[in-house]
$ cat my_file13.txt   # compact mmCIF, C-alpha atoms
# COMPACT_ATOMS: atom_id res chain seq x y z
CA MET M 1 -23.90 5.87 38.75
CA ALA M 2 -26.38 8.22 37.06
CA SER M 3 -23.65 9.69 34.84
CA THR M 4 -22.44 6.26 33.73
CA ALA M 5 -26.01 5.20 32.98
CA LYS M 6 -26.46 8.27 30.80
CA LEU M 7 -23.16 7.52 29.05
CA PHE M 8 -24.24 3.97 28.27
CA ILE M 9 -27.63 5.09 26.95
CA PHE M 10 -25.87 7.72 24.83
CA LEU M 11 -23.50 5.14 23.33
CA ILE M 12 -26.35 2.75 22.56
CA SER M 13 -28.26 5.53 20.82
CA ILE M 14 -25.18 6.30 18.71
CA PHE M 15 -24.82 2.62 17.89
CA ILE M 16 -28.43 2.48 16.67
CA CYS M 17 -28.07 5.75 14.78
CA ILE M 18 -25.05 4.38 12.91
CA SER M 19 -27.27 1.71 11.39
CA HIS M 20 -29.75 4.46 10.37
CA THR M 21 -27.21 6.85 8.85
CA THR M 22 -28.97 9.68 7.06
CA ALA M 23 -28.10 13.14 5.85
CA ALA M 24 -29.05 15.75 8.42
CA ASN M 25 -29.80 18.40 5.80
CA PRO M 26 -30.85 16.92 2.47
CA VAL M 27 -29.66 19.16 -0.32
CA PHE M 28 -31.16 17.23 -3.18
CA ARG M 29 -34.68 18.57 -3.47
CA ARG M 30 -37.45 17.55 -5.81
CA SER M 31 -39.04 21.00 -6.00
CA THR M 32 -40.86 20.59 -9.30
CA PRO M 33 -44.59 19.83 -9.39
CA ASP M 34 -45.69 16.24 -9.94
CA SER M 35 -46.52 16.91 -13.60
CA ARG M 36 -43.05 18.31 -14.31
CA ARG M 37 -41.47 15.52 -12.29
CA HIS M 38 -43.24 13.00 -14.52
CA LEU M 39 -41.86 14.72 -17.61
CA LEU M 40 -38.36 14.80 -16.16
CA LEU M 41 -38.33 11.13 -15.23
CA THR M 42 -40.21 9.67 -18.19
CA PRO M 43 -38.16 8.84 -21.31
CA SER M 44 -38.97 10.73 -24.48
CA PRO M 45 -40.63 8.82 -27.36
CA SER M 46 -37.30 8.54 -29.14
CA GLN M 47 -35.61 7.10 -26.05
CA SER M 48 -36.01 3.35 -25.60
CA PRO M 49 -36.31 1.99 -22.05
CA SER M 50 -33.04 0.69 -20.59
CA PRO M 51 -32.67 -2.94 -19.44
CA LEU M 52 -32.55 -1.76 -15.82
CA ALA M 53 -35.69 0.33 -16.24
CA VAL M 54 -37.51 -2.65 -17.72
CA ILE M 55 -36.40 -4.92 -14.86
CA LEU M 56 -37.43 -2.45 -12.15
CA ASN M 57 -40.71 -1.70 -13.87
CA ASN M 58 -41.57 -5.40 -14.18
CA LEU M 59 -40.82 -5.87 -10.49
CA GLY M 60 -43.23 -3.09 -9.55
CA PHE M 61 -40.71 -0.31 -8.82
CA GLN M 62 -42.14 2.22 -11.25
CA ASP M 63 -40.62 5.32 -9.64
CA LEU M 64 -37.15 3.78 -9.56
CA ALA M 65 -37.53 2.57 -13.12
CA ASN M 66 -38.13 6.16 -14.24
CA ALA M 67 -35.31 7.43 -12.02
CA SER M 68 -32.81 4.98 -13.56
CA LEU M 69 -32.87 7.04 -16.77
CA ASN M 70 -31.37 10.01 -14.88
CA ALA M 71 -29.13 8.08 -12.48
CA ASN M 72 -26.26 7.38 -14.94
CA ILE M 73 -26.80 3.63 -14.56
CA SER M 74 -29.44 3.14 -17.24
CA THR M 75 -27.08 1.05 -19.38
CA ILE M 76 -25.80 -1.86 -17.34
CA ASN M 77 -22.35 -3.18 -18.21
CA PHE M 78 -21.22 -4.34 -14.77
CA PRO M 79 -22.55 -6.65 -12.03
CA LEU M 80 -24.91 -4.72 -9.81
CA THR M 81 -26.96 -5.22 -6.65
CA ILE M 82 -29.88 -2.89 -6.00
CA PHE M 83 -31.67 -2.48 -2.67
CA ALA M 84 -34.93 -1.22 -4.11
CA PRO M 85 -37.32 0.77 -1.86
CA THR M 86 -40.98 0.28 -2.59
CA ASP M 87 -42.90 3.21 -4.06
CA SER M 88 -44.63 3.67 -0.70
CA SER M 89 -41.25 3.85 1.05
CA LEU M 90 -40.14 6.60 -1.32
CA LEU M 91 -43.06 8.70 -0.10
CA THR M 92 -41.35 8.93 3.32
CA CYS M 93 -38.77 11.24 1.76
CA PRO M 94 -40.69 13.77 -0.35
CA SER M 95 -37.65 16.05 -0.70
CA CYS M 96 -35.31 13.30 -1.92
CA SER M 97 -33.86 13.08 -5.40
CA LEU M 98 -34.95 9.74 -6.89
CA PRO M 99 -31.95 9.36 -9.23
CA LEU M 100 -29.60 9.98 -6.31
CA LEU M 101 -31.55 7.59 -4.08
CA LEU M 102 -31.17 4.89 -6.72
CA GLN M 103 -27.42 5.47 -6.86
CA GLU M 104 -27.24 5.37 -3.07
CA HIS M 105 -29.05 2.03 -3.03
CA SER M 106 -26.97 0.42 -5.79
CA VAL M 107 -23.63 -1.29 -5.19
CA LEU M 108 -21.11 -2.88 -7.52
CA GLY M 109 -20.98 -6.68 -7.34
CA LEU M 110 -23.44 -9.45 -6.67
CA TYR M 111 -24.65 -9.61 -3.06
CA SER M 112 -27.10 -12.45 -2.61
CA PHE M 113 -29.24 -12.58 0.52
CA HIS M 114 -27.31 -15.59 1.78
CA PHE M 115 -24.06 -13.65 1.43
CA LEU M 116 -25.51 -10.57 3.17
CA ARG M 117 -26.74 -12.66 6.13
CA ASN M 118 -23.19 -13.81 6.80
CA LEU M 119 -21.53 -10.40 6.74
CA ALA M 120 -20.16 -8.96 9.97
CA PHE M 121 -22.55 -6.71 11.86
CA GLY M 122 -22.11 -3.13 10.63
CA THR M 123 -20.31 -3.98 7.36
CA LYS M 124 -20.16 -0.98 5.03
CA ILE M 125 -20.53 -1.28 1.25
CA GLU M 126 -19.67 1.63 -1.02
CA THR M 127 -22.47 2.66 -3.36
CA LEU M 128 -22.50 4.17 -6.84
CA ALA M 129 -22.94 7.58 -5.21
CA PRO M 130 -19.46 8.95 -4.45
CA THR M 131 -18.46 8.88 -0.76
CA ARG M 132 -21.74 7.21 0.24
CA CYS M 133 -21.85 3.82 1.95
CA LEU M 134 -24.67 1.52 3.06
CA THR M 135 -24.41 -0.19 6.45
CA ILE M 136 -25.46 -3.86 6.51
CA THR M 137 -26.73 -5.15 9.86
CA PRO M 138 -27.83 -8.80 9.97
CA SER M 139 -30.01 -9.71 12.92
CA ARG M 140 -28.54 -11.70 15.80
CA ILE M 141 -30.71 -14.76 15.12
CA ASN M 142 -28.47 -17.54 13.82
CA ASN M 143 -30.78 -19.48 11.57
CA SER M 144 -32.21 -19.57 8.06
CA SER M 145 -34.81 -16.89 8.88
CA ARG M 146 -32.17 -14.35 9.89
CA SER M 147 -33.22 -10.85 8.81
CA VAL M 148 -30.94 -8.29 7.18
CA PHE M 149 -31.25 -4.52 7.47
CA VAL M 150 -29.80 -1.93 5.09
CA ASN M 151 -29.27 1.34 6.95
CA GLY M 152 -31.97 0.24 9.36
CA VAL M 153 -34.47 -0.69 6.63
CA GLU M 154 -35.36 -4.38 6.45
CA ILE M 155 -34.94 -6.43 3.28
CA THR M 156 -38.52 -7.67 2.98
CA LYS M 157 -38.19 -9.28 -0.46
CA PRO M 158 -34.75 -10.90 -0.73
CA ASP M 159 -33.40 -12.07 -4.09
CA LEU M 160 -36.46 -10.65 -5.83
CA TYR M 161 -34.51 -10.75 -9.08
CA ASN M 162 -31.23 -12.48 -9.92
CA ASN M 163 -30.08 -13.20 -13.46
CA GLY M 164 -26.43 -13.65 -12.54
CA PHE M 165 -25.65 -10.07 -13.55
CA ILE M 166 -28.16 -8.00 -11.59
CA ILE M 167 -29.61 -8.74 -8.14
CA VAL M 168 -32.58 -6.80 -6.79
CA HIS M 169 -33.66 -6.95 -3.13
CA GLY M 170 -36.88 -5.24 -2.06
CA ILE M 171 -36.70 -3.09 1.06
CA GLN M 172 -39.50 -1.31 2.91
CA GLY M 173 -39.28 1.38 5.55
CA TYR M 174 -38.13 4.93 6.17
CA ILE M 175 -35.87 6.16 3.36
CA ALA M 176 -33.47 9.13 3.39
CA HIS M 177 -30.33 10.27 1.64
CA LEU M 178 -27.04 8.90 2.92
CA SER M 179 -24.68 11.11 4.85
CA PRO M 180 -21.57 12.45 3.05
CA ILE M 181 -19.53 10.90 5.87
CA SER M 182 -21.31 7.51 5.82
CA CYS M 183 -18.12 5.77 4.68
CA ARG M 184 -15.92 7.32 7.37
CA ILE M 185 -16.18 5.29 10.56
CA GLU M 186 -14.27 7.78 12.67
CA SER M 187 -16.72 10.57 11.74
CA MET M 188 -20.01 8.69 11.93
CA THR M 189 -21.16 10.50 15.05
CA SER M 190 -20.82 13.85 16.74
CA LEU M 191 -18.09 12.28 18.86
CA SER M 192 -15.45 13.25 16.32
CA PHE M 193 -11.80 12.94 17.22
CA PRO M 194 -10.61 16.08 18.98
CA PHE M 195 -7.54 17.79 17.62
CA ILE M 196 -4.58 17.37 19.93
CA PRO M 197 -1.28 18.89 18.79
CA PRO M 198 1.14 15.95 18.52
CA PRO M 199 4.03 16.38 20.96
CA THR M 200 6.14 13.74 19.24
CA GLU M 201 5.98 11.43 16.25
CA ALA M 202 5.47 8.49 18.62
CA PHE M 203 2.25 9.94 20.00
CA ALA M 204 1.05 10.85 16.51
CA ALA M 205 1.60 7.22 15.49
CA THR M 206 -0.42 6.07 18.50
CA ARG M 207 -3.37 8.21 17.44
CA LEU M 208 -3.29 6.78 13.92
CA MET M 209 -3.13 3.25 15.29
CA LEU M 210 -6.00 4.00 17.68
CA LYS M 211 -8.18 4.96 14.73
CA ASP M 212 -7.13 1.80 12.90
CA VAL M 213 -8.04 -0.41 15.88
CA MET M 214 -11.39 1.32 16.41
CA ALA M 215 -12.25 0.88 12.73
CA SER M 216 -11.41 -2.84 12.94
CA LEU M 217 -13.46 -3.26 16.11
CA ARG M 218 -16.39 -1.39 14.59
CA THR M 219 -16.59 -3.71 11.57
CA GLY M 220 -15.74 -6.83 13.56
CA GLY M 221 -18.68 -6.87 15.96
CA TYR M 222 -17.19 -4.72 18.76
CA SER M 223 -18.99 -1.43 17.97
CA ILE M 224 -19.78 -0.51 21.58
CA VAL M 225 -16.13 -0.93 22.58
CA ALA M 226 -15.07 1.26 19.65
CA LEU M 227 -17.54 3.96 20.68
CA ALA M 228 -16.45 3.79 24.31
CA MET M 229 -12.82 4.14 23.19
CA ARG M 230 -13.80 7.21 21.21
CA VAL M 231 -15.18 8.82 24.37
CA LYS M 232 -11.84 8.20 26.12
CA TYR M 233 -9.85 9.14 23.01
CA PRO M 234 -8.06 12.16 24.57
CA GLU M 235 -6.74 9.93 27.38
CA LEU M 236 -5.86 7.00 25.13
CA ALA M 237 -4.05 9.24 22.63
CA ASP M 238 -1.47 10.14 25.30
CA LEU M 239 -0.42 6.52 25.82
CA LYS M 240 2.64 5.03 24.13
CA SER M 241 1.01 1.59 23.95
CA MET M 242 -1.88 -0.30 25.54
CA THR M 243 -3.53 -3.67 26.06
CA ILE M 244 -7.34 -3.68 25.88
CA PHE M 245 -9.74 -6.38 27.00
CA ALA M 246 -12.96 -6.07 24.97
CA ILE M 247 -16.49 -7.53 24.98
CA ASP M 248 -18.33 -8.10 21.71
CA ASP M 249 -21.69 -6.48 20.94
CA LEU M 250 -23.66 -9.72 21.24
CA SER M 251 -22.35 -10.36 24.76
CA ILE M 252 -23.07 -6.76 25.78
CA PHE M 253 -26.68 -6.84 24.56
CA ASP M 254 -27.52 -10.45 25.43
CA GLY M 255 -25.69 -10.57 28.75
CA GLY M 256 -26.88 -7.21 30.06
CA ASN M 257 -23.32 -6.25 31.00
CA GLY M 258 -23.05 -3.22 28.74
CA HIS M 259 -23.53 -0.58 31.44
CA GLU M 260 -20.94 -2.20 33.69
CA TYR M 261 -18.36 -2.51 30.93
CA VAL M 262 -18.76 1.00 29.47
CA ALA M 263 -18.66 2.58 32.93
CA ASN M 264 -15.47 0.69 33.75
CA LEU M 265 -13.65 0.74 30.41
CA GLY M 266 -10.49 2.09 32.06
CA PHE M 267 -10.42 -0.96 34.32
CA HIS M 268 -10.13 -3.08 31.16
CA ILE M 269 -7.13 -1.21 29.71
CA VAL M 270 -3.50 -1.80 30.71
CA PRO M 271 -1.70 1.45 29.78
CA ASN M 272 1.80 1.75 28.27
CA ARG M 273 2.21 -1.99 27.98
CA LEU M 274 1.76 -4.14 24.87
CA LEU M 275 0.87 -7.64 26.07
CA MET M 276 0.62 -9.81 22.98
CA ALA M 277 -0.70 -13.35 23.44
CA SER M 278 2.80 -14.84 23.50
CA GLU M 279 3.73 -12.67 26.49
CA LEU M 280 0.34 -12.65 28.19
CA VAL M 281 0.08 -16.43 28.54
CA ARG M 282 3.54 -16.57 30.14
CA LEU M 283 2.57 -14.28 33.01
CA PRO M 284 2.76 -16.24 36.27
CA HIS M 285 -0.10 -16.68 38.70
CA ASP M 286 -0.83 -13.62 40.88
CA THR M 287 0.82 -11.21 38.41
CA GLU M 288 -0.71 -7.75 38.88
CA LEU M 289 -1.41 -5.45 35.94
CA LEU M 290 -1.95 -1.73 36.47
CA THR M 291 -5.05 -0.32 34.75
CA MET M 292 -6.16 3.17 33.70
CA ASP M 293 -8.37 3.30 36.80
CA ARG M 294 -6.06 4.80 39.38
CA GLY M 295 -5.20 2.37 42.15
CA GLU M 296 -6.99 -0.54 40.47
CA LYS M 297 -5.18 -3.64 39.23
CA LEU M 298 -5.97 -6.80 37.31
CA VAL M 299 -4.68 -10.09 38.65
CA VAL M 300 -3.72 -13.24 36.74
CA THR M 301 -5.79 -15.85 38.55
CA THR M 302 -5.05 -18.74 36.17
CA GLU M 303 -1.87 -18.62 34.13
CA GLY M 304 -1.87 -19.59 30.49
CA GLY M 305 -0.15 -22.41 28.69
CA ASN M 306 -2.23 -25.19 30.28
CA GLY M 307 -4.26 -26.09 27.19
CA PRO M 308 -7.88 -25.42 26.21
CA LEU M 309 -9.29 -27.29 29.22
CA VAL M 310 -7.61 -24.86 31.62
CA PRO M 311 -7.77 -21.49 29.86
CA MET M 312 -6.03 -18.39 31.11
CA ARG M 313 -8.12 -16.25 33.46
CA ILE M 314 -7.67 -12.71 34.69
CA ASN M 315 -9.81 -11.71 37.67
CA TYR M 316 -11.35 -15.16 37.21
CA VAL M 317 -12.65 -14.25 33.74
CA LYS M 318 -11.63 -16.48 30.83
CA ILE M 319 -9.68 -14.82 28.01
CA LYS M 320 -11.86 -15.87 25.09
CA ASN M 321 -9.94 -14.52 22.07
CA LEU M 322 -6.26 -13.69 22.15
CA ASP M 323 -4.78 -11.10 19.77
CA LEU M 324 -8.24 -10.20 18.47
CA VAL M 325 -6.95 -6.96 16.91
CA TYR M 326 -3.43 -5.63 17.14
CA ASN M 327 -0.78 -3.40 15.63
CA ASN M 328 2.61 -2.16 16.77
CA ARG M 329 1.23 -0.25 19.76
CA ILE M 330 -2.19 -1.67 20.62
CA VAL M 331 -3.51 -5.18 21.19
CA VAL M 332 -7.09 -6.20 21.96
CA HIS M 333 -8.06 -9.49 23.61
CA GLY M 334 -11.65 -10.73 23.75
CA LEU M 335 -13.74 -11.44 26.85
CA SER M 336 -17.30 -12.68 27.27
CA THR M 337 -18.04 -10.73 30.47
CA PRO M 338 -16.53 -7.70 32.27
CA PHE M 339 -13.79 -8.11 34.83
CA PRO M 340 -15.09 -8.12 38.41
CA ARG M 341 -13.12 -6.10 40.93
CA ILE M 342 -11.36 -8.30 43.44
CA ARG M 343 -9.66 -7.22 46.62
CA PRO M 344 -6.35 -8.56 48.00
CA HIS M 345 -8.10 -10.61 50.67
CA GLN M 346 -10.30 -12.18 47.99
CA ASN M 347 -7.33 -13.27 45.89
CA ASP M 348 -5.97 -15.54 48.60
CA GLY M 349 -5.76 -18.57 46.34
CA THR M 350 -8.13 -20.67 48.36
CA GLN M 351 -9.78 -23.46 46.41
CA GLU M 352 -13.23 -22.52 47.71
CA PHE M 353 -13.04 -18.92 46.51
CA GLN M 354 -11.63 -19.88 43.10
CA GLU M 355 -14.36 -22.45 42.51
CA MET M 356 -17.02 -19.93 43.50
CA MET M 357 -15.72 -17.27 41.10
CA MET M 358 -15.20 -19.65 38.18
CA GLY M 359 -18.71 -20.96 38.63
CA THR M 360 -20.21 -17.49 38.30
CA VAL M 361 -17.77 -15.78 35.90
CA GLN M 362 -17.11 -17.38 32.52

$ encode --input "my_file13.txt" --output "structure tokens"
Amino acid sequence: MASTAKLFIFLISIFICISHTTAANPVFRRSTPDSRRHLLLTPSPSQSPSPLAVILNNLGFQDLANASLNANISTINFPLTIFAPTDSSLLTCPSCSLPLLLQEHSVLGLYSFHFLRNLAFGTKIETLAPTRCLTITPSRINNSSRSVFVNGVEITKPDLYNNGFIIVHGIQGYIAHLSPISCRIESMTSLSFPFIPPPTEAFAATRLMLKDVMASLRTGGYSIVALAMRVKYPELADLKSMTIFAIDDLSIFDGGNGHEYVANLGFHIVPNRLLMASELVRLPHDTELLTMDRGEKLVVTTEGGNGPLVPMRINYVKIKNLDLVYNNRIVVHGLSTPFPRIRPHQNDGTQEFQEMMMGTVQ
């Protein structure tokens, strides 16, 4: 129990760190004195201020306005959205390169605050800095006051400027350079994929499809499941196919079931069997499904095909989303709560026991 608790806390810390992706060893250093820095970032008398510099300066972002002259974006000829840190926020990273920071906080396209609020949790947007991505994390509050965070820094002044060609959002908080691997979901944490020599092409294909599924889950609101799968990656990579029953991040955090699910991930995976929705709903009542937990089985307690009023249930838990993510070897179905473990004597089909379980497990 202690080890599973530590595992869950570790995964949650990784999940939070993903939203705060930063470079571990900043290599862009502002080593010149303040006087020289002023000379480097201030245009010469013969150099007229760029439109972007004027906009940022008028909005109160003087340091970024100066930095725009050295950030290769001083002449705007494309739609641009800038997540502008306040001058006080820039002081939290004294070793940062301001021109690079501006590039890392500028993205092609127009991203209004309304649009950002409706993005999936953990959406990544590539910046003007090569191989650097920002992570957008809207808050879980579903109303007009919903906050949005950019790499863990809150947008405090949304839509500060919008002329239909440039959008500027003001952000305030701890600022740091983005990691060189900030765009690569499979390398976002120290839990990188271990190298396993592929015994056959089939197993190599499974590993590629595993990465594809984990990437889709990560950007689709199932980050904790994706991280838990990464921990079990060596075991999952040996399977020819699999069916996974997953819980979304909101249900894990709001329902308090995260520890139980992460600790029992294997109990939610049917190995070497691809059960797409069309086949899953045809399984008869009392069908047993072997799981990755040795000796443990799932049981179809309510067969599918009876309409929305009588949804399919496995271990008395309703299957919320069928075929959530799938490819040729892996399929993921959505749940709202972890599967409880039931014993043969419990699954006796009595009306009293079924009503009790369905009243407590949704």

$ residues_around --input "my_file13.txt" --residues "stretch 111-123 of chain M" --least-positions-apart "3" --cutoff "6 Å" --atoms "only C-alpha atoms" --output "MDAnalysis selection string"
chainID M and resid 135:138 158 219 221

$ residues_around --input "my_file13.txt" --residues "M:Asn327" --least-positions-apart "2" --cutoff "12 Å" --atoms "all atoms listed in the file" --output "tab-separated table (two decimals) with C-alpha atoms, keeping the file's coordinate frame"
chain	number	residue	atom	x	y	z
M	205	ALA	CA	1.60	7.22	15.49
M	206	THR	CA	-0.42	6.07	18.50
M	208	LEU	CA	-3.29	6.78	13.92
M	209	MET	CA	-3.13	3.25	15.29
M	210	LEU	CA	-6.00	4.00	17.68
M	211	LYS	CA	-8.18	4.96	14.73
M	212	ASP	CA	-7.13	1.80	12.90
M	213	VAL	CA	-8.04	-0.41	15.88
M	214	MET	CA	-11.39	1.32	16.41
M	216	SER	CA	-11.41	-2.84	12.94
M	241	SER	CA	1.01	1.59	23.95
M	242	MET	CA	-1.88	-0.30	25.54
M	243	THR	CA	-3.53	-3.67	26.06
M	274	LEU	CA	1.76	-4.14	24.87
M	275	LEU	CA	0.87	-7.64	26.07
M	276	MET	CA	0.62	-9.81	22.98
M	323	ASP	CA	-4.78	-11.10	19.77
M	324	LEU	CA	-8.24	-10.20	18.47
M	325	VAL	CA	-6.95	-6.96	16.91
M	329	ARG	CA	1.23	-0.25	19.76
M	330	ILE	CA	-2.19	-1.67	20.62
M	331	VAL	CA	-3.51	-5.18	21.19
M	332	VAL	CA	-7.09	-6.20	21.96

$ residues_around --input "my_file13.txt" --residues "M:Leu52" --least-positions-apart "5" --cutoff "12 Å" --atoms "all atoms listed in the file" --output "PyMOL selection string"
chain M and resi 57-59+61-62+64-82+84+102+106+161+163+165-168

$ atom_distance --input "my_file13.txt" --atom1 "atom CA of M:Arg313" --atom2 "atom CA of M:Asn328"
24.3 Å

$ atom_distance --input "my_file13.txt" --atom1 "atom CA of M:Val153" --atom2 "atom CA of M:Tyr261"
29.2 Å

$ closest_residue --input "my_file13.txt" --among "M:Thr86, M:Arg132, M:Asn321, M:Ser223" --to "M:Glu154" --atoms "all atoms listed in the file"
M:Thr86

$ atom_distance --input "my_file13.txt" --atom1 "atom CA of M:Asp249" --atom2 "atom CA of M:Tyr222"
5.3 Å

$ closest_residue --input "my_file13.txt" --among "M:Leu309, M:Leu239, M:Val300, M:Ile247" --to "M:Asn272" --atoms "all atoms listed in the file"
M:Leu239

$ closest_residue --input "my_file13.txt" --among "M:Ile269, M:Ala246, M:Ala237, M:Ile181" --to "M:Lys320" --atoms "only C-alpha atoms"
M:Ala246
